[in-house]
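Here is work_15.cif, consisting of mmCIF, C-alpha atoms:
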data_entry
#
loop_
_atom_site.label_atom_id
_atom_site.label_comp_id
_atom_site.auth_asym_id
_atom_site.auth_seq_id
_atom_site.Cartn_x
_atom_site.Cartn_y
_atom_site.Cartn_z
CA MET A 577 -17.86 14.93 -19.30
CA ASN A 578 -16.01 18.19 -19.14
CA ASP A 579 -13.22 16.55 -17.16
CA VAL A 580 -12.77 13.91 -19.82
CA GLU A 581 -12.41 16.58 -22.48
CA THR A 582 -9.88 18.46 -20.38
CA LEU A 583 -7.88 15.28 -19.83
CA GLY A 584 -7.84 14.63 -23.58
CA ASP A 585 -6.64 18.18 -24.17
CA VAL A 586 -3.86 17.81 -21.61
CA VAL A 587 -2.65 14.54 -23.17
CA ALA A 588 -2.81 16.07 -26.66
CA VAL A 589 -0.84 19.13 -25.55
CA ALA A 590 1.76 16.90 -23.91
CA PHE A 591 2.21 14.94 -27.15
CA LEU A 592 2.38 18.11 -29.24
CA LEU A 593 4.94 19.76 -26.98
CA LEU A 594 7.09 16.64 -26.76
CA GLY A 595 7.02 16.27 -30.54
CA ALA A 596 7.91 19.91 -31.06
CA LEU A 597 10.77 19.54 -28.59
CA LEU A 598 12.14 16.53 -30.48
CA CYS A 599 11.97 18.46 -33.76
CA LEU A 600 13.85 21.27 -32.03
CA THR A 601 16.63 18.87 -31.00
CA ALA A 602 16.81 17.72 -34.63
CA GLY A 603 17.46 21.34 -35.60
CA ILE A 604 20.04 21.76 -32.84
CA GLY A 605 21.71 18.56 -34.04
CA LEU A 606 22.04 19.99 -37.53
CA LEU A 607 23.97 22.90 -36.05
CA ARG A 608 26.06 21.05 -33.49
CA PHE A 609 27.04 17.83 -35.26
CA PRO A 610 30.36 17.94 -37.10
CA ASP A 611 29.68 16.51 -40.57
CA VAL A 612 27.00 15.51 -43.08
CA LEU A 613 26.69 11.90 -41.95
CA THR A 614 26.11 12.69 -38.29
CA ARG A 615 23.77 15.51 -39.21
CA MET A 616 21.66 13.08 -41.20
CA HIS A 617 21.23 11.04 -38.01
CA ALA A 618 19.82 14.13 -36.32
CA GLY A 619 17.64 14.80 -39.35
CA THR A 620 16.02 11.36 -39.33
CA LYS A 621 15.54 9.87 -35.89
CA PRO A 622 14.42 12.62 -33.49
CA GLN A 623 12.63 14.37 -36.32
CA VAL A 624 10.58 11.31 -37.40
CA LEU A 625 9.69 10.57 -33.78
CA GLY A 626 8.76 14.21 -33.27
CA VAL A 627 6.46 14.23 -36.28
CA LEU A 628 4.85 10.97 -35.11
CA LEU A 629 4.17 12.41 -31.65
CA ILE A 630 2.70 15.57 -33.17
CA MET A 631 0.47 13.39 -35.34
CA VAL A 632 -0.72 11.46 -32.25
CA GLY A 633 -1.41 14.70 -30.39
CA ALA A 634 -3.29 16.15 -33.33
CA ALA A 635 -5.31 12.94 -33.74
CA ILE A 636 -6.43 13.19 -30.11
CA ARG A 637 -7.30 16.87 -30.40
CA LEU A 638 -8.97 16.78 -33.84
CA GLN A 639 -12.25 14.92 -33.78
CA GLY A 640 -13.47 13.08 -36.82
CA TRP A 641 -12.05 10.17 -38.77
CA SER A 642 -11.12 12.03 -41.94
CA ALA A 643 -8.42 14.02 -40.13
CA THR A 644 -7.14 10.88 -38.43
CA TRP A 645 -6.73 9.02 -41.72
CA MET A 646 -4.81 11.94 -43.16
CA LEU A 647 -2.51 12.05 -40.12
CA LEU A 648 -1.94 8.30 -40.43
CA LEU A 649 -0.86 8.78 -44.05
CA VAL A 650 1.50 11.60 -43.09
CA ALA A 651 3.09 9.43 -40.42
CA LEU A 652 3.43 6.47 -42.77
CA PHE A 653 5.03 8.44 -45.58
CA GLN A 654 7.30 10.21 -43.12
CA MET A 655 8.64 6.85 -41.95
CA LEU A 656 9.01 5.60 -45.53
CA THR A 657 10.69 8.64 -47.07
CA ALA A 658 12.93 10.07 -44.32
CA PRO A 659 15.34 7.09 -44.33
CA VAL A 660 15.53 7.11 -48.13
CA SER A 661 16.37 10.79 -48.41
CA ALA A 662 18.90 10.54 -45.57
CA HIS A 663 20.49 7.57 -47.32
CA MET A 664 20.73 9.38 -50.68
CA VAL A 665 22.26 12.51 -49.12
CA SER A 666 24.75 10.59 -47.01
CA ARG A 667 25.79 8.30 -49.86
CA VAL A 668 26.60 11.28 -52.05
CA ALA A 669 28.37 12.94 -49.14
CA TYR A 670 30.51 9.86 -48.53
CA ARG A 671 31.44 9.48 -52.18
CA ARG A 672 32.36 13.15 -52.40
CA ARG A 673 34.52 12.86 -49.27
CA HIS A 674 32.40 15.13 -47.10
CA VAL A 675 33.43 13.00 -44.15
CA ARG A 676 35.29 14.03 -41.05
CA ARG A 677 37.70 11.13 -40.96
CA ASP A 678 39.23 12.31 -37.70
CA ARG A 679 35.88 11.61 -36.02
CA LEU A 680 35.61 8.06 -37.37
CA LEU A 681 36.65 5.14 -35.21
CA VAL A 682 36.75 2.68 -38.10
CA ASP A 683 35.88 2.91 -41.78
CA GLU A 684 35.46 -0.59 -43.16
CA GLN A 685 34.32 0.75 -46.49
CA ARG A 686 37.86 2.06 -47.00
CA SER A 687 39.76 -0.43 -44.95
CA THR A 688 43.10 0.96 -46.04
CA GLY A 689 42.29 3.39 -43.26
CA LYS A 690 43.98 6.68 -42.78
CA ASP A 691 43.36 9.28 -45.41
CA ARG A 692 46.63 11.16 -45.25
CA VAL A 693 46.62 13.44 -48.25
CA TYR A 694 43.00 14.56 -48.03
CA ARG A 695 41.56 16.35 -45.03
CA GLY A 696 38.35 14.41 -45.55
CA ASP A 697 35.84 17.22 -45.23
CA GLU A 698 36.07 18.42 -48.79
CA PRO A 699 34.63 17.58 -52.21
CA ALA A 700 36.35 14.81 -54.13
CA ASP A 701 37.30 17.19 -56.93
CA ALA A 702 38.92 19.70 -54.59
CA PRO A 703 42.70 19.88 -55.08
CA PRO A 704 44.52 17.77 -52.49
CA GLU A 705 46.98 19.40 -50.13
CA GLU A 706 49.80 17.22 -51.48
CA PRO A 707 49.08 16.45 -55.16
CA GLY A 708 51.91 13.94 -55.69
CA PRO A 709 51.09 11.48 -52.90
CA ALA A 710 47.36 11.89 -53.66
CA LEU A 711 47.85 10.72 -57.23
CA ALA A 712 49.93 7.75 -56.10
CA GLU A 713 47.30 6.84 -53.51
CA SER A 714 44.41 7.02 -55.96
CA LEU A 715 46.30 4.87 -58.48
CA ARG A 716 46.98 2.31 -55.79
CA GLU A 717 43.29 2.29 -54.77
CA ASP A 718 42.21 1.81 -58.37
CA ARG A 719 44.55 -1.16 -58.66
CA GLU A 720 43.21 -2.66 -55.41
CA ASP A 721 39.63 -2.17 -56.61
CA ARG A 722 40.41 -3.99 -59.84
CA GLU A 723 42.00 -6.83 -57.92
CA ASP A 724 38.95 -7.00 -55.64
CA ARG A 725 36.72 -7.44 -58.63
CA GLY A 726 38.99 -10.09 -60.02
CA ASP A 727 39.83 -8.18 -63.19
CA GLY A 728 43.50 -8.01 -62.21
CA VAL A 729 43.89 -11.78 -62.30
CA ARG A 730 44.37 -12.21 -66.02
CA MET B 357 12.78 -11.73 -67.18
CA THR B 358 13.52 -15.29 -68.14
CA ALA B 359 11.07 -16.65 -65.56
CA ASP B 360 8.19 -14.86 -67.33
CA ALA B 361 9.09 -16.33 -70.71
CA ALA B 362 9.25 -19.82 -69.23
CA THR B 363 5.98 -19.77 -67.31
CA GLU B 364 3.74 -17.51 -69.42
CA PRO B 365 2.80 -18.82 -72.84
CA GLY B 366 0.54 -16.14 -74.36
CA VAL B 367 -0.34 -12.48 -74.23
CA GLY B 368 -3.34 -13.14 -72.00
CA GLY B 369 -1.22 -15.13 -69.60
CA ARG B 370 1.36 -12.39 -69.42
CA LEU B 371 -1.35 -9.83 -68.71
CA ALA B 372 -2.75 -11.95 -65.88
CA HIS B 373 0.76 -12.43 -64.52
CA GLN B 374 1.38 -8.68 -64.61
CA LEU B 375 -1.95 -7.97 -62.94
CA ARG B 376 -1.20 -10.44 -60.16
CA HIS B 377 2.09 -8.69 -59.46
CA GLN B 378 0.60 -5.21 -59.72
CA LEU B 379 -2.53 -5.91 -57.70
CA PRO B 380 -1.10 -5.08 -54.23
CA LEU B 381 0.21 -1.79 -55.63
CA LEU B 382 -3.19 -0.99 -57.18
CA VAL B 383 -5.02 -1.75 -53.93
CA TRP B 384 -2.56 0.39 -51.99
CA LEU B 385 -3.01 3.34 -54.38
CA VAL B 386 -6.81 3.11 -54.12
CA VAL B 387 -6.56 3.02 -50.31
CA VAL B 388 -4.27 6.08 -50.29
CA TRP B 389 -6.68 7.92 -52.60
CA ASN B 390 -9.59 7.21 -50.27
CA LEU B 391 -7.60 8.18 -47.18
CA LEU B 392 -6.62 11.46 -48.82
CA TRP B 393 -10.26 12.28 -49.49
CA GLY B 394 -11.01 11.38 -45.90
CA THR B 395 -14.43 9.92 -46.57
CA TRP B 396 -15.48 6.66 -48.16
CA SER B 397 -17.86 6.77 -51.10
CA TRP B 398 -18.40 4.91 -54.37
CA ALA B 399 -17.23 7.95 -56.31
CA ASN B 400 -13.96 8.00 -54.37
CA LEU B 401 -13.50 4.27 -54.92
CA LEU B 402 -14.05 4.52 -58.68
CA GLY B 403 -11.90 7.66 -58.91
CA GLY B 404 -9.19 5.88 -56.95
CA ILE B 405 -9.25 2.90 -59.30
CA VAL B 406 -8.95 5.18 -62.34
CA VAL B 407 -6.07 7.12 -60.77
CA ALA B 408 -4.31 3.92 -59.68
CA LEU B 409 -4.55 2.42 -63.17
CA ALA B 410 -3.30 5.66 -64.72
CA VAL B 411 -0.37 5.87 -62.29
CA THR B 412 0.72 2.26 -62.80
CA TRP B 413 0.34 2.60 -66.59
CA LEU B 414 2.18 5.92 -66.88
CA LEU B 415 4.86 5.23 -64.27
CA PRO B 416 5.46 1.47 -64.38
CA LEU B 417 7.57 -0.11 -61.65
CA PRO B 418 9.42 -3.40 -61.86
CA PRO B 419 7.41 -6.12 -60.12
CA VAL B 420 8.50 -7.27 -56.68
CA VAL B 421 9.99 -10.65 -57.35
CA GLY B 422 8.60 -13.47 -55.25
CA GLY B 423 5.94 -11.41 -53.55
CA THR B 424 5.41 -11.33 -49.80
CA ARG B 425 4.31 -13.73 -47.16
CA VAL B 426 3.22 -12.01 -44.00
CA ARG B 427 3.57 -14.07 -40.85
CA PRO B 428 1.34 -12.58 -38.13
CA LEU B 429 3.51 -13.56 -35.15
CA GLY B 430 6.74 -12.45 -36.79
CA LEU B 431 5.07 -9.23 -37.88
CA LEU B 432 3.97 -8.49 -34.30
CA VAL B 433 7.49 -9.09 -32.97
CA PHE B 434 8.94 -6.91 -35.74
CA LEU B 435 6.49 -4.05 -35.22
CA GLY B 436 6.78 -4.13 -31.44
CA SER B 437 10.56 -4.07 -31.37
CA PHE B 438 10.55 -1.48 -34.15
CA LEU B 439 8.35 0.85 -32.11
CA VAL B 440 10.55 0.44 -29.02
CA ASP B 441 13.68 1.03 -31.15
CA LEU B 442 12.14 4.09 -32.78
CA VAL B 443 11.32 5.76 -29.47
CA SER B 444 14.63 4.89 -27.83
CA SER B 445 16.69 5.97 -30.85
CA GLY B 446 14.82 9.26 -31.10
CA ALA B 447 15.42 9.91 -27.42
CA GLN B 448 19.09 8.88 -27.61
CA VAL B 449 19.95 11.04 -30.60
CA ALA B 450 17.94 13.95 -29.17
CA TRP B 451 19.92 13.69 -25.94
CA GLN B 452 23.22 13.58 -27.86
CA THR B 453 22.33 16.79 -29.66
CA VAL B 454 21.67 18.80 -26.51
CA ARG B 455 24.14 17.38 -23.99
CA PRO B 456 27.15 19.60 -23.39
CA SER B 457 29.78 17.00 -24.29
CA GLY B 458 28.41 16.60 -27.83
CA ILE B 459 28.77 13.31 -29.67
CA ASP B 460 31.33 10.54 -29.51
CA ARG B 461 33.16 9.23 -32.49
CA SER B 462 31.25 7.41 -35.19
CA ALA B 463 32.15 4.53 -37.49
CA ILE B 464 31.43 3.15 -40.94
CA ILE B 465 30.93 -0.61 -40.90
CA ARG B 466 30.12 -3.29 -43.45
CA VAL B 467 27.64 -5.96 -42.39
CA GLN B 468 27.40 -9.21 -44.31
CA LEU B 469 23.72 -10.13 -44.53
CA ARG B 470 22.19 -13.54 -45.15
CA THR B 471 19.16 -12.33 -47.10
CA ASP B 472 19.06 -12.09 -50.86
CA SER B 473 15.68 -10.59 -51.70
CA ASP B 474 15.06 -7.04 -52.93
CA LEU B 475 11.94 -6.59 -50.83
CA LEU B 476 13.43 -7.86 -47.57
CA LEU B 477 16.58 -5.79 -48.04
CA THR B 478 14.44 -2.70 -48.62
CA ILE B 479 12.42 -3.27 -45.46
CA LEU B 480 15.61 -3.97 -43.53
CA ALA B 481 17.38 -0.85 -44.81
CA GLU B 482 14.38 1.34 -43.98
CA SER B 483 14.02 -0.01 -40.47
CA VAL B 484 17.75 -0.02 -39.74
CA THR B 485 17.92 3.70 -40.49
CA LEU B 486 15.27 4.35 -37.85
CA VAL B 487 16.73 2.15 -35.09
CA PRO B 488 19.31 3.45 -32.64
CA GLY B 489 22.51 4.89 -33.98
CA SER B 490 22.72 3.44 -37.48
CA MET B 491 22.08 4.79 -40.95
CA VAL B 492 22.40 3.03 -44.29
CA LEU B 493 25.21 4.50 -46.36
CA ASP B 494 25.33 2.03 -49.20
CA LEU B 495 24.17 -1.44 -50.19
CA ASP B 496 26.35 -3.83 -52.12
CA ARG B 497 23.50 -5.71 -53.77
CA ASP B 498 25.63 -8.39 -55.42
CA ARG B 499 27.23 -9.44 -52.16
CA SER B 500 24.31 -8.52 -49.84
CA VAL B 501 26.55 -6.26 -47.82
CA LEU B 502 25.02 -3.34 -45.98
CA VAL B 503 27.29 -0.34 -45.37
CA LEU B 504 26.21 1.56 -42.27
CA HIS B 505 27.21 4.77 -40.60
CA VAL B 506 27.02 4.21 -36.87
CA LEU B 507 26.71 7.01 -34.38
CA HIS B 508 28.07 6.88 -30.84
CA VAL B 509 30.78 4.25 -30.77
CA ARG B 510 33.58 4.38 -28.22
CA ASP B 511 35.51 1.20 -28.96
CA GLU B 512 35.55 -1.98 -31.01
CA ALA B 513 33.04 -3.66 -28.67
CA ASP B 514 30.46 -1.00 -29.54
CA VAL B 515 31.05 -1.65 -33.23
CA GLU B 516 30.53 -5.38 -32.80
CA ARG B 517 27.38 -4.77 -30.75
CA GLN B 518 25.94 -2.61 -33.53
CA ARG B 519 26.78 -5.29 -36.09
CA ALA B 520 25.02 -7.92 -33.98
CA SER B 521 21.96 -5.69 -33.57
CA VAL B 522 21.67 -5.28 -37.34
CA LEU B 523 21.77 -9.06 -37.77
CA VAL B 524 19.07 -9.45 -35.11
CA GLN B 525 16.96 -6.90 -36.97
CA GLU B 526 17.52 -8.82 -40.20
CA GLU B 527 16.28 -11.97 -38.52
CA ARG B 528 13.12 -10.19 -37.32
CA VAL B 529 12.42 -8.85 -40.82
CA VAL B 530 12.91 -12.25 -42.44
CA ARG B 531 10.74 -13.98 -39.83
CA ALA B 532 7.99 -11.41 -40.48
CA PHE B 533 8.06 -11.29 -44.30
CA GLY B 534 10.34 -14.02 -45.62
CA THR B 535 9.67 -17.38 -47.23
CA ALA B 536 10.60 -20.69 -45.61
CA ASP B 537 13.75 -20.82 -47.75
CA GLU B 538 14.85 -17.42 -46.55
CA ILE B 539 14.29 -18.33 -42.92
CA ALA B 540 16.40 -21.41 -43.50
CA ALA B 541 19.05 -19.21 -45.07
CA LEU B 542 19.41 -17.35 -41.76
CA SER B 543 21.38 -20.27 -40.35
CA ARG B 544 23.76 -20.16 -43.29
CA ALA B 545 27.23 -18.97 -42.43
CA PRO B 546 27.54 -15.26 -43.23
CA GLY B 547 29.56 -14.59 -46.33
CA GLU B 548 28.78 -17.92 -47.92
CA PRO B 549 27.73 -17.28 -51.52
CA PHE B 550 24.11 -17.86 -52.48
CA PRO B 551 23.41 -20.71 -54.89
CA ALA B 552 22.41 -19.26 -58.24
CA VAL B 553 19.12 -21.20 -58.24
CA GLU B 554 17.90 -19.51 -55.07
CA ARG B 555 18.57 -15.99 -56.26
CA ARG B 556 15.37 -14.02 -56.40
CA THR B 557 16.49 -11.02 -58.39
CA PRO B 558 15.31 -10.79 -61.99
#
Show me this structure written as structure tokens.
Amino acid sequence: MNDVETLGDVVAVAFLLLGALLCLTAGIGLLRFPDVLTRMHAGTKPQVLGVLLIMVGAAIRLQGWSATWMLLLVALFQMLTAPVSAHMVSRVAYRRRHVRRDRLLVDEQRSTGKDRVYRGDEPADAPPEEPGPALAESLREDREDREDRGDGVR
Amino acid sequence: MTADAATEPGVGGRLAHQLRHQLPLLVWLVVVWNLLWGTWSWANLLGGIVVALAVTWLLPLPPVVGGTRVRPLGLLVFLGSFLVDLVSSGAQVAWQTVRPSGIDRSAIIRVQLRTDSDLLLTILAESVTLVPGSMVLDLDRDRSVLVLHVLHVRDEADVERQRASVLVQEERVVRAFGTADEIAALSRAPGEPFPAVERRTP
């Protein structure tokens, strides 16, 4: 009987430690990754898995169904909300040019490719390094967008 | 909401129609309320019903068009592969954060999907963010194009592999929750426009 309890404790501790470790790597990722988009990866995947493992460990350790139901809810909402918040943050970051374009292999969203006049890791309303070419480029992009939508074909 | 006007003649009919669409949400809210209390009792059930009605009345949501059809086998496949993906992606990204060489380059890709249902796209976007290496950046709803940020790509082959894995995930989601029409739409050539009749957005 006592052995069974000890075994349960050992398993629970293993889950808790593993989960805590994964959450730690999420924090390290926030520091080490180069830009917002990659940091959001670190903030969602290892972190969600870490929270899930901690929930499993806690469910083993805490006896009683009421705690288990609560942990289940926490896990469920974690999986539902973490992707949404990461998506909202990264969408804003992309639209405001907080993107390290030198670290991108391809960017099909802006298939014109190389962003020459902007560094990339800056807000959209920051002054460009070369104002003249930047204006010309943005005008050209606007025209291409209009043609994409079919407004240009009049 | 032209479909409502066509199918529902009176006020009573519209109320029943609304209730039918809101019922899953109401049940879910009552279940959450009971889980939060931790114990089951009649008082919790009644309190949950009152709270659920108040929430849906004060904060109305647009109904999910078309509803859901859960296929048990497809759901099992989806959940199983999702669990495996979740663990492996957590481990992969965790390893990339701590290894000395840091991360490789990343990419932003557009994936043309074959699904045209709000609910399925939501499930797909949620699950794609949690599977290895990809995160939803934007969704072009009119064209059903998912814009993803993909971690850890070294060359074009990696990009294509990620694109294929998203399409496989889409197929799993549709086979778990989609209607027969939507499963048939999977074999449609990607990029082909959806016939207006089949559109399931209000």
Open item on the list: Tell me as a list in words which residues belonging to chain A come within 7 Å of chain B, counting only C-alpha atoms.
Closed with: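 Close enough to count are Leu598, Thr601, Ala602, Ile604, Gly605, Arg608, Thr614, His617, Ala618, Lys621, Pro622, Leu625, Ser642, Ala643, Trp645, Met646, Pro659, His663, Ser666, Arg667, Arg679, Leu680, Leu681, Val682, Asp683, Glu684 and Gln685 of chain A.
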Specify as an mmCIF file with C-alpha atoms, keeping the file's coordinate frame each residue included when the PyMOL selection byres ((chain A and resi 628-632) around 12) is applied to this file.
data_model
loop_
_atom_site.group_PDB
_atom_site.id
_atom_site.type_symbol
_atom_site.label_atom_id
_atom_site.label_comp_id
_atom_site.auth_asym_id
_atom_site.auth_seq_id
_atom_site.Cartn_x
_atom_site.Cartn_y
_atom_site.Cartn_z
ATOM 1 C CA GLY A 584 -7.840 14.630 -23.580
ATOM 2 C CA VAL A 587 -2.650 14.540 -23.170
ATOM 3 C CA ALA A 588 -2.810 16.070 -26.660
ATOM 4 C CA VAL A 589 -0.840 19.130 -25.550
ATOM 5 C CA ALA A 590 1.760 16.900 -23.910
ATOM 6 C CA PHE A 591 2.210 14.940 -27.150
ATOM 7 C CA LEU A 592 2.380 18.110 -29.240
ATOM 8 C CA LEU A 593 4.940 19.760 -26.980
ATOM 9 C CA LEU A 594 7.090 16.640 -26.760
ATOM 10 C CA GLY A 595 7.020 16.270 -30.540
ATOM 11 C CA ALA A 596 7.910 19.910 -31.060
ATOM 12 C CA LEU A 597 10.770 19.540 -28.590
ATOM 13 C CA LEU A 598 12.140 16.530 -30.480
ATOM 14 C CA CYS A 599 11.970 18.460 -33.760
ATOM 15 C CA THR A 620 16.020 11.360 -39.330
ATOM 16 C CA LYS A 621 15.540 9.870 -35.890
ATOM 17 C CA PRO A 622 14.420 12.620 -33.490
ATOM 18 C CA GLN A 623 12.630 14.370 -36.320
ATOM 19 C CA VAL A 624 10.580 11.310 -37.400
ATOM 20 C CA LEU A 625 9.690 10.570 -33.780
ATOM 21 C CA GLY A 626 8.760 14.210 -33.270
ATOM 22 C CA VAL A 627 6.460 14.230 -36.280
ATOM 23 C CA GLY A 633 -1.410 14.700 -30.390
ATOM 24 C CA ALA A 634 -3.290 16.150 -33.330
ATOM 25 C CA ALA A 635 -5.310 12.940 -33.740
ATOM 26 C CA ILE A 636 -6.430 13.190 -30.110
ATOM 27 C CA ARG A 637 -7.300 16.870 -30.400
ATOM 28 C CA LEU A 638 -8.970 16.780 -33.840
ATOM 29 C CA ALA A 643 -8.420 14.020 -40.130
ATOM 30 C CA THR A 644 -7.140 10.880 -38.430
ATOM 31 C CA TRP A 645 -6.730 9.020 -41.720
ATOM 32 C CA MET A 646 -4.810 11.940 -43.160
ATOM 33 C CA LEU A 647 -2.510 12.050 -40.120
ATOM 34 C CA LEU A 648 -1.940 8.300 -40.430
ATOM 35 C CA LEU A 649 -0.860 8.780 -44.050
ATOM 36 C CA VAL A 650 1.500 11.600 -43.090
ATOM 37 C CA ALA A 651 3.090 9.430 -40.420
ATOM 38 C CA LEU A 652 3.430 6.470 -42.770
ATOM 39 C CA PHE A 653 5.030 8.440 -45.580
ATOM 40 C CA GLN A 654 7.300 10.210 -43.120
ATOM 41 C CA MET A 655 8.640 6.850 -41.950
ATOM 42 C CA LEU B 439 8.350 0.850 -32.110
ATOM 43 C CA LEU B 442 12.140 4.090 -32.780
ATOM 44 C CA VAL B 443 11.320 5.760 -29.470
ATOM 45 C CA GLY B 446 14.820 9.260 -31.100
#
- [ ] Could you tell me how far atom CA of Met616 of chain A lies from atom CA of Leu502 of chain B, in Å and to one decimal?
- [x] 17.4 Å
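Taking atom CA of Val386 of chain B and atom CA of Leu401 of chain B as endpoints, the distance between them is 6.8 Å.
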- [ ] Any chance you could resolve the PyMOL selection byres ((chain B and resi 408) around 10) against this file and give the residues as a PyMOL selection string?
- [x] chain B and resi 381-389+402-407+409-414
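Atom CA of Leu476 of chain B to atom CA of Leu375 of chain B spans 21.7 Å [interatomic distance, one decimal].
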Mind telling me what the PyMOL selection byres ((chain B and resi 532) around 8) catches here, as a JSON list (two decimals) with C-alpha atoms, in the coordinates of the input?
[["chain", "number", "residue", "atom", "x", "y", "z"],
["B", 425, "ARG", "CA", 4.31, -13.73, -47.16],
["B", 426, "VAL", "CA", 3.22, -12.01, -44.00],
["B", 427, "ARG", "CA", 3.57, -14.07, -40.85],
["B", 428, "PRO", "CA", 1.34, -12.58, -38.13],
["B", 429, "LEU", "CA", 3.51, -13.56, -35.15],
["B", 430, "GLY", "CA", 6.74, -12.45, -36.79],
["B", 431, "LEU", "CA", 5.07, -9.23, -37.88],
["B", 432, "LEU", "CA", 3.97, -8.49, -34.30],
["B", 433, "VAL", "CA", 7.49, -9.09, -32.97],
["B", 434, "PHE", "CA", 8.94, -6.91, -35.74],
["B", 528, "ARG", "CA", 13.12, -10.19, -37.32],
["B", 529, "VAL", "CA", 12.42, -8.85, -40.82],
["B", 530, "VAL", "CA", 12.91, -12.25, -42.44],
["B", 531, "ARG", "CA", 10.74, -13.98, -39.83],
["B", 533, "PHE", "CA", 8.06, -11.29, -44.30],
["B", 534, "GLY", "CA", 10.34, -14.02, -45.62]]
Task: Surrounding residues of Val665 of chain A excluding itself and chain neighbours under 3 positions, 9 Å, all atoms listed in the file, as number ranges by chain - done: A: 612-613, 616, 660-662, 668-670; B: 493
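Proximity ranking of B:Gln468, B:Ala399, B:Ala372, B:Arg499 relative to Glu526 of chain B places B:Gln468 first, based on only C-alpha atoms.
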Is there a way to complete segment 709-723 of chain A with N, CA and C atoms and then write that out as a short mmCIF file (atom, residue, chain, number, x, y, z; two decimals), in the coordinates of the input?
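Saved to result_16.cif:
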data_model
loop_
_atom_site.label_atom_id
_atom_site.label_comp_id
_atom_site.auth_asym_id
_atom_site.auth_seq_id
_atom_site.Cartn_x
_atom_site.Cartn_y
_atom_site.Cartn_z
N PRO A 709 51.54 12.68 -53.63
CA PRO A 709 51.09 11.48 -52.90
C PRO A 709 49.63 11.14 -53.17
N ALA A 710 48.78 12.17 -53.40
CA ALA A 710 47.36 11.89 -53.66
C ALA A 710 47.19 11.09 -54.93
N LEU A 711 47.95 11.45 -55.96
CA LEU A 711 47.85 10.72 -57.23
C LEU A 711 48.29 9.28 -57.04
N ALA A 712 49.43 9.10 -56.33
CA ALA A 712 49.93 7.75 -56.10
C ALA A 712 48.89 6.93 -55.34
N GLU A 713 48.27 7.56 -54.33
CA GLU A 713 47.30 6.84 -53.51
C GLU A 713 46.08 6.43 -54.33
N SER A 714 45.61 7.35 -55.19
CA SER A 714 44.41 7.02 -55.96
C SER A 714 44.70 5.92 -56.98
N LEU A 715 45.92 5.95 -57.55
CA LEU A 715 46.30 4.87 -58.48
C LEU A 715 46.33 3.53 -57.77
N ARG A 716 46.90 3.55 -56.53
CA ARG A 716 46.98 2.31 -55.79
C ARG A 716 45.57 1.79 -55.45
N GLU A 717 44.66 2.71 -55.08
CA GLU A 717 43.29 2.29 -54.77
C GLU A 717 42.60 1.71 -55.99
N ASP A 718 42.81 2.34 -57.15
CA ASP A 718 42.21 1.81 -58.37
C ASP A 718 42.68 0.38 -58.62
N ARG A 719 43.99 0.16 -58.42
CA ARG A 719 44.55 -1.16 -58.66
C ARG A 719 43.92 -2.16 -57.69
N GLU A 720 43.80 -1.75 -56.40
CA GLU A 720 43.21 -2.66 -55.41
C GLU A 720 41.76 -2.97 -55.75
N ASP A 721 41.02 -1.94 -56.22
CA ASP A 721 39.63 -2.17 -56.61
C ASP A 721 39.53 -3.19 -57.73
N ARG A 722 40.43 -3.04 -58.72
CA ARG A 722 40.41 -3.99 -59.84
C ARG A 722 40.70 -5.39 -59.35
N GLU A 723 41.66 -5.50 -58.43
CA GLU A 723 42.00 -6.83 -57.92
C GLU A 723 40.84 -7.41 -57.12
#
